[in-house]
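K.L.:
Enclosed is the structure file work_37.pdb (PDB, C-alpha atoms, pLDDT in the B column).
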ATOM      1  CA  MET I   1      86.902 100.805  68.943  1.00 60.00           C
ATOM      2  CA  THR I   2      85.385 102.802  71.772  1.00 73.00           C
ATOM      3  CA  LYS I   3      87.681 105.578  72.947  1.00 88.00           C
ATOM      4  CA  THR I   4      89.152 104.839  76.354  1.00 93.00           C
ATOM      5  CA  VAL I   5      89.170 107.356  79.170  1.00 96.00           C
ATOM      6  CA  THR I   6      92.461 109.238  79.443  1.00 96.00           C
ATOM      7  CA  ARG I   7      93.964 110.779  82.543  1.00 97.00           C
ATOM      8  CA  ASP I   8      93.520 114.366  81.316  1.00 96.00           C
ATOM      9  CA  GLU I   9      89.728 113.862  81.219  1.00 96.00           C
ATOM     10  CA  VAL I  10      89.410 112.769  84.836  1.00 97.00           C
ATOM     11  CA  LEU I  11      88.630 115.536  87.316  1.00 96.00           C
ATOM     12  CA  ASP I  12      89.805 115.437  90.901  1.00 94.00           C
ATOM     13  CA  PHE I  13      86.961 114.387  93.187  1.00 92.00           C
ATOM     14  CA  VAL I  14      86.466 117.877  94.674  1.00 95.00           C
ATOM     15  CA  THR I  15      86.113 119.544  91.252  1.00 96.00           C
ATOM     16  CA  TYR I  16      83.878 116.703  90.074  1.00 96.00           C
ATOM     17  CA  SER I  17      81.702 117.059  93.177  1.00 96.00           C
ATOM     18  CA  GLU I  18      81.303 120.767  92.473  1.00 97.00           C
ATOM     19  CA  LYS I  19      80.327 120.118  88.809  1.00 97.00           C
ATOM     20  CA  ARG I  20      78.407 116.876  89.399  1.00 97.00           C
ATOM     21  CA  ASP I  21      74.881 118.317  89.146  1.00 97.00           C
ATOM     22  CA  GLU I  22      75.818 119.888  85.825  1.00 97.00           C
ATOM     23  CA  LEU I  23      77.528 116.760  84.413  1.00 97.00           C
ATOM     24  CA  ARG I  24      75.237 113.958  85.629  1.00 96.00           C
ATOM     25  CA  PRO I  25      72.296 114.487  83.236  1.00 97.00           C
ATOM     26  CA  HIS I  26      74.513 113.802  80.210  1.00 97.00           C
ATOM     27  CA  PHE I  27      76.073 110.707  81.791  1.00 96.00           C
ATOM     28  CA  LEU I  28      72.707 109.318  82.901  1.00 96.00           C
ATOM     29  CA  GLU I  29      71.232 109.861  79.434  1.00 97.00           C
ATOM     30  CA  GLN I  30      74.148 107.894  77.943  1.00 96.00           C
ATOM     31  CA  LYS I  31      73.517 105.048  80.398  1.00 96.00           C
ATOM     32  CA  ASP I  32      69.753 105.034  79.761  1.00 96.00           C
ATOM     33  CA  ARG I  33      70.310 104.660  75.994  1.00 96.00           C
ATOM     34  CA  ARG I  34      72.486 101.614  76.595  1.00 97.00           C
ATOM     35  CA  ARG I  35      70.512  99.779  79.297  1.00 97.00           C
ATOM     36  CA  VAL I  36      68.398  96.715  78.489  1.00 97.00           C
ATOM     37  CA  GLN I  37      66.645  94.014  80.475  1.00 97.00           C
ATOM     38  CA  LEU I  38      66.411  90.404  79.368  1.00 97.00           C
ATOM     39  CA  GLY I  39      63.799  88.384  81.173  1.00 96.00           C
ATOM     40  CA  GLU I  40      63.154  88.889  84.849  1.00 95.00           C
ATOM     41  CA  ASN I  41      66.725  88.833  86.204  1.00 96.00           C
ATOM     42  CA  LEU I  42      69.272  89.972  83.617  1.00 98.00           C
ATOM     43  CA  TYR I  43      70.156  93.670  83.326  1.00 98.00           C
ATOM     44  CA  PHE I  44      72.752  94.797  80.783  1.00 98.00           C
ATOM     45  CA  LEU I  45      74.509  98.151  80.535  1.00 97.00           C
ATOM     46  CA  PHE I  46      76.507  98.543  77.348  1.00 97.00           C
ATOM     47  CA  GLU I  47      79.526 100.658  78.149  1.00 96.00           C
ATOM     48  CA  ASN I  48      81.014 103.535  76.208  1.00 95.00           C
ATOM     49  CA  HIS I  49      83.515 106.290  76.901  1.00 95.00           C
ATOM     50  CA  ASP I  50      81.018 108.442  78.814  1.00 96.00           C
ATOM     51  CA  THR I  51      79.541 105.659  80.965  1.00 96.00           C
ATOM     52  CA  THR I  52      83.077 104.613  81.861  1.00 96.00           C
ATOM     53  CA  LEU I  53      84.208 108.159  82.679  1.00 97.00           C
ATOM     54  CA  TYR I  54      81.103 108.573  84.845  1.00 97.00           C
ATOM     55  CA  GLN I  55      81.857 105.362  86.759  1.00 95.00           C
ATOM     56  CA  ILE I  56      85.462 106.418  87.352  1.00 97.00           C
ATOM     57  CA  GLN I  57      84.376 109.856  88.582  1.00 97.00           C
ATOM     58  CA  GLU I  58      81.707 108.404  90.851  1.00 96.00           C
ATOM     59  CA  MET I  59      84.159 105.905  92.377  1.00 95.00           C
ATOM     60  CA  MET I  60      86.713 108.653  92.986  1.00 96.00           C
ATOM     61  CA  ARG I  61      84.046 110.818  94.605  1.00 96.00           C
ATOM     62  CA  ALA I  62      82.600 108.042  96.779  1.00 96.00           C
ATOM     63  CA  GLU I  63      85.987 106.788  97.930  1.00 95.00           C
ATOM     64  CA  LYS I  64      87.700 110.215  97.941  1.00 96.00           C
ATOM     65  CA  ILE I  65      90.510 108.885  95.758  1.00 95.00           C
ATOM     66  CA  VAL I  66      93.429 111.306  95.374  1.00 94.00           C
ATOM     67  CA  LYS I  67      96.561 109.184  94.925  1.00 96.00           C
ATOM     68  CA  GLU I  68      97.670 109.065  91.313  1.00 96.00           C
ATOM     69  CA  ALA I  69      98.286 105.313  91.424  1.00 96.00           C
ATOM     70  CA  ASP I  70      94.736 104.738  92.689  1.00 96.00           C
ATOM     71  CA  ILE I  71      93.258 106.986  89.988  1.00 96.00           C
ATOM     72  CA  LEU I  72      95.191 105.103  87.316  1.00 96.00           C
ATOM     73  CA  HIS I  73      94.004 101.801  88.796  1.00 95.00           C
ATOM     74  CA  GLU I  74      90.352 102.913  88.516  1.00 94.00           C
ATOM     75  CA  MET I  75      90.943 104.009  84.923  1.00 95.00           C
ATOM     76  CA  THR I  76      92.574 100.710  83.981  1.00 94.00           C
ATOM     77  CA  THR I  77      89.816  98.706  85.654  1.00 91.00           C
ATOM     78  CA  TYR I  78      86.928 100.536  83.996  1.00 92.00           C
ATOM     79  CA  ASN I  79      88.587 100.961  80.593  1.00 94.00           C
ATOM     80  CA  GLU I  80      88.744  97.138  80.440  1.00 90.00           C
ATOM     81  CA  LEU I  81      84.933  97.145  80.183  1.00 89.00           C
ATOM     82  CA  LEU I  82      85.015  98.878  76.806  1.00 92.00           C
ATOM     83  CA  GLY I  83      84.723  96.968  73.587  1.00 86.00           C
ATOM     84  CA  GLY I  84      87.654  96.789  71.204  1.00 88.00           C
ATOM     85  CA  GLU I  85      87.573  97.054  67.437  1.00 91.00           C
ATOM     86  CA  GLY I  86      84.220  95.710  66.164  1.00 93.00           C
ATOM     87  CA  GLU I  87      82.911  94.727  69.571  1.00 94.00           C
ATOM     88  CA  LEU I  88      80.587  95.977  72.297  1.00 96.00           C
ATOM     89  CA  GLY I  89      81.398  95.686  75.982  1.00 95.00           C
ATOM     90  CA  CYS I  90      78.805  95.552  78.715  1.00 95.00           C
ATOM     91  CA  SER I  91      78.204  94.991  82.385  1.00 94.00           C
ATOM     92  CA  LEU I  92      75.640  92.379  83.348  1.00 96.00           C
ATOM     93  CA  LEU I  93      73.872  92.559  86.685  1.00 96.00           C
ATOM     94  CA  ILE I  94      71.967  89.461  87.717  1.00 96.00           C
ATOM     95  CA  GLY I  95      69.231  90.897  89.894  1.00 96.00           C
ATOM     96  CA  ILE I  96      67.740  88.549  92.486  1.00 96.00           C
ATOM     97  CA  ASP I  97      66.604  90.207  95.714  1.00 94.00           C
ATOM     98  CA  ASP I  98      66.263  87.193  98.016  1.00 95.00           C
ATOM     99  CA  PRO I  99      69.752  86.084  99.192  1.00 94.00           C
ATOM    100  CA  ALA I 100      68.876  82.390  99.446  1.00 95.00           C
ATOM    101  CA  GLU I 101      67.251  82.360  96.006  1.00 95.00           C
ATOM    102  CA  ARG I 102      70.175  84.349  94.576  1.00 95.00           C
ATOM    103  CA  ASP I 103      72.728  81.864  95.900  1.00 93.00           C
ATOM    104  CA  GLN I 104      70.744  78.936  94.543  1.00 95.00           C
ATOM    105  CA  LYS I 105      70.292  80.453  91.068  1.00 95.00           C
ATOM    106  CA  LEU I 106      73.877  81.695  90.763  1.00 94.00           C
ATOM    107  CA  THR I 107      74.974  78.121  91.440  1.00 92.00           C
ATOM    108  CA  ARG I 108      72.484  76.671  88.951  1.00 94.00           C
ATOM    109  CA  TRP I 109      73.317  79.302  86.285  1.00 94.00           C
ATOM    110  CA  LEU I 110      77.081  78.770  86.455  1.00 90.00           C
ATOM    111  CA  GLY I 111      77.318  78.390  82.652  1.00 89.00           C
ATOM    112  CA  LEU I 112      75.201  81.462  81.869  1.00 93.00           C
ATOM    113  CA  PRO I 113      77.878  83.625  80.185  1.00 90.00           C
ATOM    114  CA  LYS I 114      78.387  80.966  77.501  1.00 92.00           C
ATOM    115  CA  HIS I 115      74.690  81.247  76.602  1.00 96.00           C
ATOM    116  CA  LEU I 116      74.401  85.022  76.133  1.00 97.00           C
ATOM    117  CA  TYR I 117      74.460  86.456  72.636  1.00 98.00           C
ATOM    118  CA  LEU I 118      73.748  89.471  70.503  1.00 98.00           C
ATOM    119  CA  LYS I 119      71.621  88.801  67.459  1.00 98.00           C
ATOM    120  CA  LEU I 120      73.025  90.473  64.339  1.00 98.00           C
ATOM    121  CA  PRO I 121      70.863  91.729  61.432  1.00 97.00           C
ATOM    122  CA  SER I 122      71.624  88.530  59.460  1.00 97.00           C
ATOM    123  CA  GLY I 123      70.275  86.410  62.333  1.00 97.00           C
ATOM    124  CA  GLU I 124      73.802  85.281  63.269  1.00 97.00           C
ATOM    125  CA  ARG I 125      74.509  85.100  66.984  1.00 98.00           C
ATOM    126  CA  ALA I 126      77.595  86.753  68.477  1.00 97.00           C
ATOM    127  CA  TYR I 127      78.169  84.930  71.775  1.00 97.00           C
ATOM    128  CA  ALA I 128      79.647  86.704  74.779  1.00 96.00           C
ATOM    129  CA  ARG I 129      83.279  86.605  75.705  1.00 92.00           C
ATOM    130  CA  PHE I 130      83.631  86.803  79.470  1.00 86.00           C
ATOM    131  CA  ASP I 131      86.274  87.063  82.152  1.00 77.00           C
ATOM    132  CA  PRO I 132      86.727  83.603  83.706  1.00 75.00           C
ATOM    133  CA  ARG I 133      87.952  85.286  86.921  1.00 73.00           C
ATOM    134  CA  GLN I 134      84.303  86.216  87.610  1.00 70.00           C
ATOM    135  CA  ILE I 135      83.136  82.630  87.668  1.00 72.00           C
ATOM    136  CA  GLY I 136      83.937  80.445  90.648  1.00 69.00           C
ATOM    137  CA  ASP I 137      84.143  76.677  90.680  1.00 75.00           C
ATOM    138  CA  ASP I 138      80.593  76.359  91.942  1.00 85.00           C
ATOM    139  CA  ARG I 139      78.942  79.773  91.646  1.00 84.00           C
ATOM    140  CA  LEU I 140      78.589  82.670  89.240  1.00 88.00           C
ATOM    141  CA  SER I 141      79.216  86.262  90.347  1.00 87.00           C
ATOM    142  CA  SER I 142      76.082  88.449  90.200  1.00 90.00           C
ATOM    143  CA  VAL I 143      78.061  91.028  88.199  1.00 90.00           C
ATOM    144  CA  GLN I 144      79.691  89.988  84.932  1.00 90.00           C
ATOM    145  CA  TYR I 145      81.702  91.929  82.360  1.00 92.00           C
ATOM    146  CA  LEU I 146      81.086  90.740  78.829  1.00 95.00           C
ATOM    147  CA  LYS I 147      82.247  91.544  75.321  1.00 95.00           C
ATOM    148  CA  PHE I 148      80.479  90.689  72.100  1.00 97.00           C
ATOM    149  CA  VAL I 149      82.328  90.601  68.776  1.00 96.00           C
ATOM    150  CA  THR I 150      79.857  92.048  66.263  1.00 96.00           C
ATOM    151  CA  LYS I 151      82.467  92.719  63.540  1.00 94.00           C
ATOM    152  CA  GLY I 152      81.136  96.287  63.538  1.00 93.00           C
ATOM    153  CA  GLU I 153      77.528  95.267  62.839  1.00 96.00           C
ATOM    154  CA  VAL I 154      74.834  96.920  64.940  1.00 98.00           C
ATOM    155  CA  PRO I 155      72.930  94.167  66.783  1.00 98.00           C
ATOM    156  CA  VAL I 156      69.141  93.944  66.723  1.00 98.00           C
ATOM    157  CA  ALA I 157      68.561  91.963  69.942  1.00 98.00           C
ATOM    158  CA  ILE I 158      70.149  90.383  72.972  1.00 98.00           C
ATOM    159  CA  GLY I 159      69.337  86.827  73.929  1.00 98.00           C
ATOM    160  CA  CYS I 160      70.019  83.823  76.068  1.00 98.00           C
ATOM    161  CA  ASP I 161      69.729  80.171  75.084  1.00 97.00           C
ATOM    162  CA  LEU I 162      70.138  78.700  78.580  1.00 95.00           C
ATOM    163  CA  ASP I 163      66.897  76.719  79.016  1.00 92.00           C
ATOM    164  CA  GLU I 164      65.743  78.362  82.234  1.00 93.00           C
ATOM    165  CA  LEU I 165      66.453  81.891  80.957  1.00 95.00           C
ATOM    166  CA  SER I 166      65.772  81.377  77.266  1.00 96.00           C
ATOM    167  CA  GLY I 167      64.521  84.420  75.391  1.00 97.00           C
ATOM    168  CA  GLU I 168      65.387  87.549  73.431  1.00 97.00           C
ATOM    169  CA  THR I 169      64.856  91.271  73.855  1.00 98.00           C
ATOM    170  CA  ALA I 170      64.850  93.405  70.713  1.00 98.00           C
ATOM    171  CA  PHE I 171      66.790  96.643  70.873  1.00 98.00           C
ATOM    172  CA  SER I 172      64.941  99.905  70.325  1.00 97.00           C
ATOM    173  CA  GLU I 173      66.004 102.206  67.513  1.00 97.00           C
ATOM    174  CA  GLU I 174      67.495 104.542  70.141  1.00 97.00           C
ATOM    175  CA  GLN I 175      69.599 101.693  71.551  1.00 98.00           C
ATOM    176  CA  ARG I 176      70.699 100.643  68.086  1.00 98.00           C
ATOM    177  CA  GLU I 177      71.736 104.232  67.330  1.00 97.00           C
ATOM    178  CA  ALA I 178      73.796 104.303  70.553  1.00 97.00           C
ATOM    179  CA  PHE I 179      75.526 101.056  69.517  1.00 96.00           C
ATOM    180  CA  ARG I 180      76.122 102.480  66.038  1.00 96.00           C
ATOM    181  CA  GLU I 181      77.840 105.478  67.653  1.00 94.00           C
ATOM    182  CA  ASP I 182      79.931 103.238  69.905  1.00 93.00           C
ATOM    183  CA  LEU I 183      81.013 100.931  67.093  1.00 93.00           C
ATOM    184  CA  SER I 184      82.072 103.843  64.899  1.00 90.00           C
ATOM    185  CA  ALA I 185      83.873 105.780  67.662  1.00 76.00           C
TER     186      ALA I 185
END
With the file now loaded, output its structure as structure tokens.

P.N.:
Amino acid sequence: MTKTVTRDEVLDFVTYSEKRDELRPHFLEQKDRRRVQLGENLYFLFENHDTTLYQIQEMMRAEKIVKEADILHEMTTYNELLGGEGELGCSLLIGIDDPAERDQKLTRWLGLPKHLYLKLPSGERAYARFDPRQIGDDRLSSVQYLKFVTKGEVPVAIGCDLDELSGETAFSEEQREAFREDLSA
């Protein structure tokens, strides 16, 4: 299970702003190792402790959050993105620049989360679990939070079996090593 971010790790936004240039390279490297594109429109960022801490710190900095209740809310929100025991959590961004095209495709792709999977070394597919609150009655949100139960196995690829978006992207050895770290944390 990926270690969640605890309150004692979160810097106030002024201290974080002062240390940001020093801290960012590590956080960005962690994100780069866990980012993958599938096809033309699907961008996944597999989350871990450091990517989550970075997001919390960046939100606090951007919004100048100082109230304890608001800090705890950010922590709770972003910690929910992390995978539990034997699973990987990720954020999915559906990238479509043209607003009219985006609206049309997000309507047509309403069932997309049910068609996303991680391919395990055995060839078995671990389909995504998703938050139904992110899917409307007639349209998909362009940002989705997914979890994949891998039973601790390090996946070899990510794929989609929705006809229009069908395909797979193999993970690099560096990505697989990052997942290995996350699954053993």

K.L.:
Using all atoms listed in the file, which residues of region 12-83 of chain I come within 12 Å of region 146-170 of chain I, and what is the closest atom pair for each, with the distance in Å to one decimal? Give it as a tab-separated table, sorted by chain and residue number.

P.N.:
residue	atom	partner	partner_atom	distance
I:Arg35	CA	I:Ile158	CA	11.3
I:Val36	CA	I:Thr169	CA	8.0
I:Gln37	CA	I:Thr169	CA	7.4
I:Leu38	CA	I:Thr169	CA	5.8
I:Gly39	CA	I:Leu165	CA	7.0
I:Glu40	CA	I:Leu165	CA	8.7
I:Asn41	CA	I:Leu165	CA	8.7
I:Leu42	CA	I:Leu165	CA	9.0
I:Tyr43	CA	I:Ile158	CA	10.9
I:Phe44	CA	I:Ile158	CA	9.3
I:Leu45	CA	I:Leu146	CA	10.1
I:Phe46	CA	I:Leu146	CA	9.2
I:Glu47	CA	I:Lys147	CA	9.9
I:Glu80	CA	I:Lys147	CA	10.0
I:Leu81	CA	I:Leu146	CA	7.6
I:Leu82	CA	I:Lys147	CA	8.0
I:Gly83	CA	I:Lys147	CA	6.2

K.L.:
Restrict the calculation to all atoms listed in the file, then for each residue of region 52-170 of chain I with any atom at most 10 Å from an atom of region 18-33 of chain I give the closest atom pair and their distance in Å to one decimal, rows by chain and rising residue number, as JSON lines.

P.N.:
{"residue": "I:Thr52", "atom": "CA", "partner": "I:Phe27", "partner_atom": "CA", "distance": 9.3}
{"residue": "I:Leu53", "atom": "CA", "partner": "I:Phe27", "partner_atom": "CA", "distance": 8.6}
{"residue": "I:Tyr54", "atom": "CA", "partner": "I:Phe27", "partner_atom": "CA", "distance": 6.3}
{"residue": "I:Gln55", "atom": "CA", "partner": "I:Phe27", "partner_atom": "CA", "distance": 9.3}
{"residue": "I:Gln57", "atom": "CA", "partner": "I:Arg20", "partner_atom": "CA", "distance": 9.3}
{"residue": "I:Glu58", "atom": "CA", "partner": "I:Arg20", "partner_atom": "CA", "distance": 9.2}
{"residue": "I:Arg61", "atom": "CA", "partner": "I:Arg20", "partner_atom": "CA", "distance": 9.8}

K.L.:
Would you mind telling me which residue in I:Leu93, I:Ile71, I:Leu140, I:Leu88 lies nearest to Ala128 (chain I) when using all atoms listed in the file?

P.N.:
I:Leu88

K.L.:
Which residue out of I:Arg108, I:Lys3, I:Arg125, I:Lys67 has the minimum interatomic distance to Asp137 (chain I) when only C-alpha atoms are used?

P.N.:
I:Arg108

K.L.:
Check which residues satisfy the PyMOL selection byres ((chain I and resi 134) around 12) in the file shown, then give them as number ranges by chain.

P.N.:
I: 91-92, 106, 110-113, 129-133, 135-146

K.L.:
Using only C-alpha atoms, what residues lie at most 7 Å away from (87.6, 102.4, 85.6) (file coordinates), given as a list in words?

P.N.:
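Nearby residues: Thr52, Gln55, Ile56, Glu74, Met75, Thr76, Thr77, Tyr78 and Asn79 of chain I.
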